[in-house]
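**Q** You'll find structure30.txt just under this line, and it carries compact mmCIF, C-alpha atoms.
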# COMPACT_ATOMS: atom_id res chain seq x y z
CA MET A 1 -16.69 37.21 -18.52
CA MET A 2 -16.57 35.17 -21.69
CA ILE A 3 -16.03 32.04 -19.69
CA VAL A 4 -19.54 32.29 -18.24
CA GLY A 5 -20.89 31.63 -21.69
CA TRP A 6 -18.72 28.58 -21.97
CA LEU A 7 -19.90 27.31 -18.61
CA SER A 8 -23.54 27.53 -19.62
CA CYS A 9 -22.77 24.96 -22.32
CA LEU A 10 -21.22 22.53 -19.85
CA SER A 11 -24.27 21.65 -17.77
CA PHE A 12 -23.96 18.00 -18.80
CA LEU A 13 -20.53 17.60 -17.17
CA PRO A 14 -21.11 17.13 -13.40
CA PRO A 15 -22.22 13.46 -13.68
CA ILE A 16 -19.01 12.69 -15.57
CA LEU A 17 -16.90 14.48 -12.98
CA SER A 18 -18.13 12.23 -10.21
CA ILE A 19 -16.92 9.21 -12.19
CA THR A 20 -13.46 10.33 -13.23
CA MET A 21 -12.31 11.78 -9.87
CA ALA A 22 -9.11 12.98 -11.50
CA PHE A 23 -9.73 16.65 -12.17
CA GLU A 24 -7.92 19.60 -10.62
CA VAL A 25 -9.69 21.64 -7.97
CA PRO A 26 -8.40 24.30 -5.59
CA PHE A 27 -7.50 23.16 -2.09
CA PRO A 28 -9.95 25.18 0.05
CA GLN A 29 -9.52 25.90 3.75
CA SER A 30 -12.24 23.40 4.64
CA SER A 31 -11.36 19.72 4.31
CA ALA A 32 -15.06 19.02 3.90
CA GLU A 33 -15.05 21.15 0.75
CA ILE A 34 -12.02 19.27 -0.51
CA ARG A 35 -13.69 15.89 -0.29
CA ALA A 36 -16.95 17.27 -1.66
CA SER A 37 -15.06 18.62 -4.66
CA ILE A 38 -13.30 15.33 -5.31
CA SER A 39 -16.54 13.37 -5.16
CA GLY A 40 -18.32 15.69 -7.55
CA GLY A 41 -20.26 17.47 -4.84
CA ARG A 42 -19.82 20.92 -6.44
CA ASP A 43 -20.96 21.78 -9.93
CA VAL A 44 -18.48 22.41 -12.70
CA SER A 45 -19.11 26.15 -12.91
CA THR A 46 -18.03 26.57 -9.29
CA LEU A 47 -14.93 24.46 -9.88
CA VAL A 48 -13.75 26.38 -12.91
CA ALA A 49 -14.62 29.83 -11.59
CA THR A 50 -12.82 29.16 -8.32
CA SER A 51 -9.79 27.86 -10.19
CA ILE A 52 -9.59 31.04 -12.23
CA GLN A 53 -9.56 33.15 -9.07
CA ASN A 54 -6.88 30.90 -7.57
CA ASN A 55 -3.51 32.50 -6.89
CA ASP A 56 -0.18 31.03 -7.96
CA HIS A 57 0.60 29.50 -4.57
CA GLN A 58 -2.76 27.97 -3.71
CA PRO A 59 -2.50 24.18 -3.19
CA ILE A 60 -4.42 21.99 -5.61
CA THR A 61 -5.87 18.56 -4.81
CA ARG A 62 -6.45 15.60 -7.10
CA GLN A 63 -7.32 11.96 -6.68
CA ILE A 64 -4.86 9.94 -8.74
CA GLN A 65 -4.19 6.22 -8.98
CA LEU A 66 -0.63 5.50 -7.89
CA GLY A 67 1.54 2.81 -9.45
CA SER A 68 0.76 0.65 -6.40
CA GLY A 69 -2.92 0.69 -7.37
CA THR A 70 -4.05 2.95 -4.52
CA ILE A 71 -6.34 5.82 -5.50
CA ALA A 72 -4.71 8.56 -3.45
CA GLU A 73 -5.45 12.14 -2.58
CA VAL A 74 -2.51 14.09 -3.99
CA VAL A 75 -1.94 17.74 -3.11
CA SER A 76 0.47 19.97 -5.01
CA CYS A 77 1.55 23.57 -4.82
CA ILE A 78 3.93 24.20 -7.69
CA PRO A 79 5.31 27.63 -8.60
CA PRO A 80 4.23 28.59 -12.12
CA PRO A 81 6.78 28.93 -14.91
CA LYS A 82 8.38 32.35 -14.90
CA ASN A 83 6.90 33.29 -18.24
CA LYS A 84 3.40 32.09 -17.44
CA ASN A 85 0.47 34.37 -16.68
CA SER A 86 -1.05 33.12 -13.45
CA SER A 87 -4.40 31.31 -13.45
CA SER A 88 -5.18 31.68 -17.15
CA GLN A 89 -8.65 30.65 -18.31
CA GLU A 90 -7.14 28.54 -21.09
CA ASP A 91 -5.15 26.43 -18.60
CA VAL A 92 -8.17 25.89 -16.38
CA LEU A 93 -10.26 24.62 -19.28
CA GLU A 94 -7.37 22.49 -20.58
CA ASN A 95 -6.99 20.85 -17.19
CA LEU A 96 -10.72 20.25 -16.98
CA PHE A 97 -11.16 18.68 -20.43
CA SER A 98 -7.95 16.62 -20.28
CA SER A 99 -9.13 15.02 -17.03
CA LEU A 100 -12.69 14.46 -18.23
CA PHE A 101 -11.77 12.79 -21.51
CA GLY A 102 -8.57 11.00 -20.50
CA ILE A 103 -6.20 13.16 -22.50
CA ASP A 104 -2.56 12.57 -21.57
CA LYS A 105 -1.24 15.82 -20.10
CA THR A 106 2.28 14.55 -19.59
CA SER A 107 3.51 15.81 -22.96
CA SER A 108 2.06 19.27 -22.43
CA ASN A 109 3.43 19.36 -18.89
CA LYS A 110 6.91 18.69 -20.23
CA ASN A 111 6.63 21.88 -22.21
CA ASN A 112 5.33 23.75 -19.19
CA LYS A 113 7.55 22.55 -16.35
CA SER A 114 8.04 24.48 -13.19
CA GLN A 115 11.11 26.46 -14.14
CA THR A 116 13.18 26.12 -10.99
CA ASN A 117 16.41 24.47 -9.98
CA LYS A 118 15.14 24.13 -6.43
CA PRO A 119 14.25 20.66 -5.16
CA THR A 120 10.70 19.45 -4.86
CA LEU A 121 9.54 19.11 -1.25
CA ALA A 122 7.54 15.89 -0.79
CA PHE A 123 5.61 15.84 2.49
CA LEU A 124 4.16 12.86 4.37
CA HIS A 125 1.72 13.29 7.26
CA GLY A 126 1.27 11.35 10.49
CA SER A 127 -1.63 9.65 12.30
CA PHE A 128 -5.01 11.43 12.52
CA HIS A 129 -3.82 13.79 9.77
CA ALA A 130 -3.78 13.89 5.98
CA SER A 131 -2.15 16.08 3.33
CA TRP A 132 -4.26 19.07 4.43
CA CYS A 133 -1.88 19.66 7.36
CA TRP A 134 0.86 20.75 4.95
CA ALA A 135 -1.43 22.82 2.74
CA GLU A 136 -2.44 25.43 5.31
CA LYS A 137 0.97 27.00 5.97
CA TYR A 138 3.96 25.12 4.60
CA MET A 139 3.03 24.58 0.98
CA PRO A 140 2.12 28.20 0.15
CA PHE A 141 5.19 29.40 2.07
CA PHE A 142 7.72 27.19 0.31
CA ALA A 143 6.05 27.57 -3.10
CA SER A 144 6.27 31.35 -2.75
CA LEU A 145 10.04 30.87 -2.41
CA GLY A 146 10.20 28.78 -5.58
CA TYR A 147 10.04 25.26 -4.11
CA PRO A 148 7.54 22.87 -5.75
CA CYS A 149 5.55 21.15 -2.97
CA VAL A 150 3.70 17.84 -3.13
CA ALA A 151 2.02 15.53 -0.64
CA PHE A 152 -0.28 12.55 -0.62
CA SER A 153 -2.68 11.15 1.95
CA LEU A 154 -2.08 7.65 3.28
CA GLN A 155 -4.60 4.85 2.98
CA GLY A 156 -7.37 5.05 5.56
CA THR A 157 -7.78 8.83 5.39
CA GLY A 158 -10.84 10.56 3.97
CA GLY A 159 -9.28 11.21 0.58
CA THR A 160 -7.46 7.89 0.14
CA PRO A 161 -9.65 4.82 0.70
CA VAL A 162 -8.10 1.55 1.82
CA MET A 163 -7.36 -0.94 -0.93
CA GLU A 164 -9.17 -3.67 0.98
CA VAL A 165 -12.76 -2.48 1.18
CA GLY A 166 -13.99 -2.23 4.76
CA ALA A 167 -10.56 -2.74 6.35
CA LYS A 168 -9.93 -0.85 9.59
CA LYS A 169 -6.18 -1.51 9.75
CA VAL A 170 -3.44 -0.86 7.20
CA ARG A 171 -0.10 -2.67 7.21
CA ILE A 172 3.10 -0.68 7.10
CA ALA A 173 4.10 -2.45 3.87
CA SER A 174 1.09 -0.91 2.13
CA HIS A 175 2.07 2.60 3.20
CA VAL A 176 5.65 2.02 2.08
CA ALA A 177 4.51 0.71 -1.32
CA ASP A 178 2.31 3.78 -1.81
CA LEU A 179 5.13 6.13 -0.80
CA ASP A 180 7.48 4.44 -3.26
CA SER A 181 4.94 4.73 -6.08
CA PHE A 182 4.21 8.35 -5.21
CA LEU A 183 7.90 9.33 -5.30
CA LYS A 184 8.50 7.51 -8.58
CA GLY A 185 5.38 9.14 -10.01
CA LEU A 186 6.85 12.60 -9.47
CA SER A 187 9.02 11.92 -12.53
CA ASP A 188 7.37 12.80 -15.83
CA HIS A 189 9.32 9.89 -17.33
CA ASP A 190 7.88 7.21 -15.03
CA THR A 191 5.31 4.85 -16.55
CA ALA A 192 2.95 5.74 -13.68
CA SER A 193 3.76 9.47 -13.69
CA LEU A 194 1.44 11.73 -11.75
CA GLY A 195 1.80 14.29 -14.55
CA LEU A 196 2.81 17.20 -12.32
CA GLY A 197 5.33 18.62 -14.78
CA LEU A 198 8.32 18.38 -12.43
CA GLY A 199 10.68 16.97 -15.06
CA ASP A 200 12.13 13.56 -15.81
CA SER A 201 14.32 13.37 -12.69
CA PRO A 202 13.27 16.02 -10.17
CA LYS A 203 15.41 16.47 -7.08
CA ILE A 204 13.29 15.47 -4.10
CA VAL A 205 13.56 16.32 -0.42
CA LEU A 206 11.37 13.87 1.48
CA ILE A 207 9.87 15.28 4.71
CA GLY A 208 7.79 13.28 7.18
CA HIS A 209 6.00 14.20 10.40
CA SER A 210 5.26 11.87 13.33
CA PHE A 211 4.18 8.46 11.98
CA GLY A 212 5.04 9.71 8.48
CA GLY A 213 8.66 9.81 9.66
CA LEU A 214 8.61 6.15 10.65
CA THR A 215 7.05 5.27 7.30
CA ILE A 216 9.94 7.05 5.61
CA MET A 217 12.44 5.05 7.71
CA LYS A 218 10.83 1.82 6.48
CA TRP A 219 10.98 3.09 2.89
CA LEU A 220 14.67 3.98 3.29
CA GLU A 221 15.30 0.51 4.73
CA GLN A 222 13.56 -1.07 1.76
CA THR A 223 15.27 1.16 -0.82
CA TYR A 224 18.80 1.51 0.58
CA GLY A 225 19.13 -1.52 2.85
CA ASP A 226 21.11 -4.70 2.19
CA ASN A 227 17.90 -6.63 1.55
CA ASN A 228 17.38 -4.45 -1.53
CA LYS A 229 20.54 -5.51 -3.36
CA ASN A 230 18.70 -8.11 -5.42
CA ASN A 231 15.40 -6.21 -5.59
CA ASN A 232 15.04 -4.48 -8.93
CA ASN A 233 11.73 -2.91 -7.89
CA ASN A 234 13.41 -0.52 -5.45
CA ASN A 235 16.47 0.93 -7.10
CA PRO A 236 17.65 4.12 -5.32
CA ASN A 237 18.60 5.49 -8.74
CA ASP A 238 14.93 5.53 -9.75
CA ILE A 239 14.35 8.46 -7.39
CA ASN A 240 16.59 11.53 -7.27
CA LEU A 241 16.55 11.87 -3.49
CA ALA A 242 18.39 15.04 -2.46
CA GLY A 243 17.59 15.06 1.25
CA VAL A 244 15.47 13.64 4.07
CA GLY A 245 13.76 15.52 6.90
CA LEU A 246 12.06 13.84 9.87
CA ILE A 247 9.94 16.10 12.09
CA CYS A 248 8.74 14.93 15.53
CA SER A 249 9.03 11.45 14.11
CA VAL A 250 7.93 8.30 15.87
CA PRO A 251 11.34 6.76 16.70
CA PRO A 252 12.69 3.57 15.07
CA SER A 253 11.66 1.50 18.12
CA GLY A 254 8.06 2.66 17.80
CA ASN A 255 5.86 3.89 20.63
CA GLY A 256 6.47 1.06 23.12
CA ALA A 257 9.56 2.37 24.89
CA MET A 258 8.20 5.93 24.85
CA THR A 259 4.95 4.78 26.42
CA MET A 260 6.85 3.17 29.31
CA ARG A 261 8.82 6.38 29.82
CA PHE A 262 5.61 8.39 29.95
CA ILE A 263 4.11 5.99 32.49
CA ARG A 264 7.13 6.40 34.73
CA ARG A 265 7.02 10.19 34.44
CA SER A 266 3.30 10.89 34.60
CA LEU A 267 0.38 8.50 34.64
CA ARG A 268 -1.87 11.44 33.75
CA ASP A 269 0.07 12.28 30.60
CA ALA A 270 0.35 8.60 29.66
CA TRP A 271 -3.43 8.29 29.98
CA LYS A 272 -3.98 11.35 27.77
CA ILE A 273 -1.83 9.87 25.01
CA THR A 274 -3.51 6.46 25.27
CA ALA A 275 -7.00 7.92 25.41
CA GLY A 276 -6.26 10.40 22.63
CA PHE A 277 -5.04 7.82 20.13
CA VAL A 278 -6.30 4.37 21.13
CA MET A 279 -9.72 5.55 22.31
CA LYS A 280 -9.71 8.39 19.75
CA LYS A 281 -10.55 10.96 22.42
CA ALA A 282 -8.53 13.52 20.45
CA ILE A 283 -11.48 13.63 18.07
CA THR A 284 -14.07 14.48 20.72
CA ASP A 285 -12.21 16.01 23.69
CA LYS A 286 -10.95 19.54 22.97
CA ALA A 287 -8.54 19.60 25.92
CA ILE A 288 -6.87 16.31 24.97
CA CYS A 289 -6.70 17.37 21.32
CA ARG A 290 -5.03 20.65 22.24
CA ASP A 291 -2.57 19.03 24.64
CA LEU A 292 -1.50 16.32 22.21
CA PHE A 293 -1.10 18.29 19.01
CA PHE A 294 -1.18 22.05 19.57
CA GLY A 295 -0.02 22.76 23.11
CA GLY A 296 -0.79 25.54 25.57
CA THR A 297 -3.66 27.94 25.00
CA GLU A 298 -4.99 29.97 22.12
CA ASP A 299 -2.68 32.81 23.11
CA ASP A 300 0.34 30.48 23.25
CA ASN A 301 0.03 28.97 19.80
CA GLY A 302 -2.77 30.80 18.00
CA ILE A 303 -5.09 27.77 17.82
CA SER A 304 -8.61 28.83 18.78
CA ASP A 305 -11.39 26.58 20.02
CA GLU A 306 -12.96 26.95 16.58
CA ASP A 307 -9.71 25.72 15.04
CA ILE A 308 -9.72 22.74 17.42
CA GLU A 309 -13.23 21.84 16.31
CA ARG A 310 -12.22 22.14 12.66
CA TYR A 311 -9.16 19.95 13.13
CA GLN A 312 -11.17 17.40 15.10
CA SER A 313 -13.55 17.12 12.14
CA TYR A 314 -10.53 16.38 9.94
CA PHE A 315 -9.24 13.80 12.45
CA GLN A 316 -12.63 12.08 12.41
CA ARG A 317 -12.53 11.89 8.63
CA ASP A 318 -8.91 10.79 8.46
CA THR A 319 -9.10 7.83 10.83
CA VAL A 320 -11.31 5.56 8.74
CA ALA A 321 -8.50 3.01 9.02
CA THR A 322 -5.34 3.25 11.11
CA ILE A 323 -1.94 1.59 11.15
CA ASP A 324 -1.84 -2.08 12.11
CA LEU A 325 0.28 -1.79 15.26
CA GLY A 326 0.52 -5.54 15.73
CA ASP A 327 2.02 -5.93 12.27
CA LEU A 328 4.30 -2.91 12.77
CA ALA A 329 5.68 -4.27 16.04
CA LYS A 330 7.20 -7.18 14.11
CA LYS A 331 8.87 -4.90 11.55
CA LEU A 332 10.19 -1.88 13.44
CA PRO A 333 13.19 -0.12 11.87
CA SER A 334 15.17 -0.49 15.12
CA ALA A 335 15.53 -4.22 14.44
CA LEU A 336 18.29 -3.39 11.95
CA ALA A 337 20.04 -0.72 14.02
CA ASP A 338 23.58 -1.21 15.27
CA LYS A 339 23.34 -2.41 18.87
CA GLU A 340 26.07 -0.04 20.07
CA THR A 341 25.52 3.14 18.04
CA GLY A 342 21.83 2.85 17.15
CA ARG A 343 22.68 3.70 13.52
CA ALA A 344 20.80 2.24 10.58
CA PRO A 345 23.08 0.05 8.42
CA PHE A 346 22.37 2.12 5.30
CA VAL A 347 22.99 5.67 6.58
CA ASP A 348 26.26 6.04 4.65
CA SER A 349 24.28 5.66 1.42
CA LEU A 350 21.80 8.41 2.25
CA PRO A 351 21.73 12.02 1.12
CA PRO A 352 21.86 14.76 3.80
CA VAL A 353 19.43 14.25 6.69
CA LEU A 354 17.67 16.64 9.07
CA VAL A 355 15.96 15.47 12.27
CA ILE A 356 13.75 18.02 14.05
CA GLY A 357 12.17 17.75 17.48
CA ALA A 358 9.77 20.16 19.19
CA SER A 359 10.40 21.75 22.58
CA GLU A 360 6.77 21.28 23.66
CA ASP A 361 6.03 17.94 22.02
CA PHE A 362 3.50 16.03 24.14
CA ILE A 363 3.69 12.86 21.99
CA VAL A 364 7.35 12.28 21.06
CA ASP A 365 9.79 12.88 23.92
CA LYS A 366 13.40 14.07 23.70
CA GLU A 367 14.73 10.52 24.06
CA GLY A 368 12.62 9.49 21.08
CA VAL A 369 13.94 12.35 18.95
CA ASP A 370 17.52 11.52 19.99
CA GLU A 371 16.96 7.89 19.00
CA THR A 372 15.77 8.96 15.55
CA ALA A 373 18.79 11.23 15.11
CA ARG A 374 21.20 8.39 16.01
CA TYR A 375 19.41 6.00 13.68
CA MET A 376 19.82 8.47 10.83
CA GLY A 377 23.54 8.93 11.57
CA LEU A 378 23.36 12.33 13.28
CA GLU A 379 25.01 13.32 16.54
CA GLU A 380 21.96 15.25 17.68
CA PRO A 381 18.63 16.59 16.44
CA LEU A 382 17.57 20.19 15.93
CA ILE A 383 14.97 21.30 18.50
CA VAL A 384 12.56 24.08 17.52
CA ASP A 385 10.13 26.06 19.68
CA SER A 386 6.84 24.33 18.89
CA PRO A 387 4.26 21.75 19.98
CA HIS A 388 3.90 18.43 18.13
CA ASP A 389 2.08 19.85 15.11
CA VAL A 390 5.03 21.95 13.98
CA MET A 391 3.35 22.90 10.71
CA LEU A 392 0.26 24.52 12.28
CA GLY A 393 -0.37 27.37 14.72
CA LYS A 394 1.37 30.73 14.95
CA ARG A 395 4.81 29.17 15.52
CA TRP A 396 4.73 27.20 12.27
CA ASN A 397 7.56 29.33 10.87
CA ASN A 398 10.06 27.92 13.41
CA GLY A 399 10.02 24.51 11.76
CA ALA A 400 9.68 26.00 8.29
CA ASP A 401 12.78 28.16 8.78
CA ALA A 402 14.77 25.10 9.88
CA ILE A 403 13.70 23.21 6.78
CA LEU A 404 14.43 26.21 4.58
CA GLU A 405 17.98 26.48 5.91
CA PHE A 406 18.46 22.73 5.36
CA VAL A 407 17.21 22.63 1.76
CA GLY A 408 18.99 25.87 0.92
CA ALA A 409 22.33 24.25 1.76
CA LEU A 410 21.74 21.20 -0.47
CA ARG A 411 23.70 20.84 -3.65
Kindly transcribe the structure held in the file into structure tokens.
**A**
Amino acid sequence: MMIVGWLSCLSFLPPILSITMAFEVPFPQSSAEIRASISGGRDVSTLVATSIQNNDHQPITRQIQLGSGTIAEVVSCIPPPKNKNSSSQEDVLENLFSSLFGIDKTSSNKNNKSQTNKPTLAFLHGSFHASWCWAEKYMPFFASLGYPCVAFSLQGTGGTPVMEVGAKKVRIASHVADLDSFLKGLSDHDTASLGLGLGDSPKIVLIGHSFGGLTIMKWLEQTYGDNNKNNNNNNPNDINLAGVGLICSVPPSGNGAMTMRFIRRSLRDAWKITAGFVMKKAITDKAICRDLFFGGTEDDNGISDEDIERYQSYFQRDTVATIDLGDLAKKLPSALADKETGRAPFVDSLPPVLVIGASEDFIVDKEGVDETARYMGLEEPLIVDSPHDVMLGKRWNNGADAILEFVGALR
């Protein structure tokens, strides 16, 4: 192809790529390839050629500095404009050169917005995970139905280094600040826009899994709570929030009460959870990893031993730093809940909410899911047939269908 000739003239570019870390690359199946791409580990000809072969619903990863200052791994899967030819060579080269030489793409993105009235789905992962967990199944699925999909990886994961060099713990306030900056950056109008071409005020449905759900609760508290009335930095009107979905979320009271329930029910299961997370056995022990996140056997949920090994390699990479549990214990969302109803004081100000639990969740029990539903002002949660990692395995569509029904009913 003609582009091969162009590529032969670009041999000087790889050293520059490793410095900018802001170019677009396809989101491959292997997380190792993702990080290698971001760090400049692949040459430019591979990057461009792979991008050209990319289909319209293949997630893309970037490293972008958020308004909070964090350099975050951002993954997007945005349906192309209806009148756009998919994966054009011109667009690939434009993306490449604009990133290399600091050209502002925001203006061009405004002329090339994703032409959809459907809300943008913004996903937030939980502990031991990163944005890759949404990219395997959910993002291509929802993008194929016209929903723009975005996600970012929290500090301490392989793609998003901690702000404090060498830190092994991250405070909840840092995660909340990054989430706020990420959501504001989805607007093309924001001063710290991520430049994704979603429009000046995109409708956003915010979806969190496991610890990501608790992070969202803290962000809602900060943005919609009474303590925000005199805080101009967190105006709910800055973000066009159309809905909130919490999936197998850590409840507002954290893990403490759940841990005591597990101890009373089964010391063996309580040990698995403690060993899996605190001792990080989920990274090295296949049986514990399967029990905690994926459930059953390969036949039950379609997760092979090879898949387990692959996911464990991701878990290893994405636990460089973990949440500061001591700090979190002093700031749990449940501290603000009504003592009788368990409701958050700001639920009447929220858009529609969906709380999903999993029938075979080894980590978050039914009482924990019920607590989250009450906190968010719901009478009960929706339970789907799935293990904890709802978005992976052969039953991933059960959670996806529930989300699809929820977002389809939003106005």
**Q** Suppose you want the space between CA of Gly399 in chain A and CA of Gly225 in chain A; what is it in Å?
**A**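 Interatomic distance, CA of Gly399 in chain A to CA of Gly225 in chain A: 29.0 Å.
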**Q** Give me the residues within 8 Å of range 181-188 of chain A as a list of chain:residue names, counting all atoms listed in the file and dropping any in the same chain fewer than 2 places off.
**A**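 Here the answer would be A:Leu66, A:Gly67, A:Ser68, A:Thr106, A:Lys110, A:Ala122, A:Phe152, A:Ala177, A:Asp178, A:Leu179, A:Asp190, A:Thr191, A:Ala192, A:Ser193, A:Leu194, A:Gly195, A:Leu196, A:Gly197, A:Leu198, A:Gly199, A:Asp200, A:Ser201, A:Pro202, A:Asp238, A:Ile239.
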**Q** A:Cys133, A:Val278, A:Met258, A:Leu214: which is nearest Val364 in chain A, counting only C-alpha atoms?
**A** A:Met258
**Q** Kindly extract all protein, DNA and RNA residues lying within 12 Å of the coordinates (8.0, 23.9, 19.6) given in the file, considering only C-alpha atoms, and supply them as a ChimeraX atom specification.
**A** /A:247-248,293-296,300-301,356-362,364-366,382-400,402
**Q** Could you tell me how far CA of Lys118 in chain A lies from CA of Glu379 in chain A, in Å and to one decimal?
**A**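 These atoms are spaced 27.2 Å apart.
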**Q** Could you tell me how far CA of Pro345 in chain A sits from CA of Phe406 in chain A, in Å to one decimal place?
**A**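 Between CA of Phe406 in chain A and CA of Pro345 in chain A the gap is 23.3 Å.
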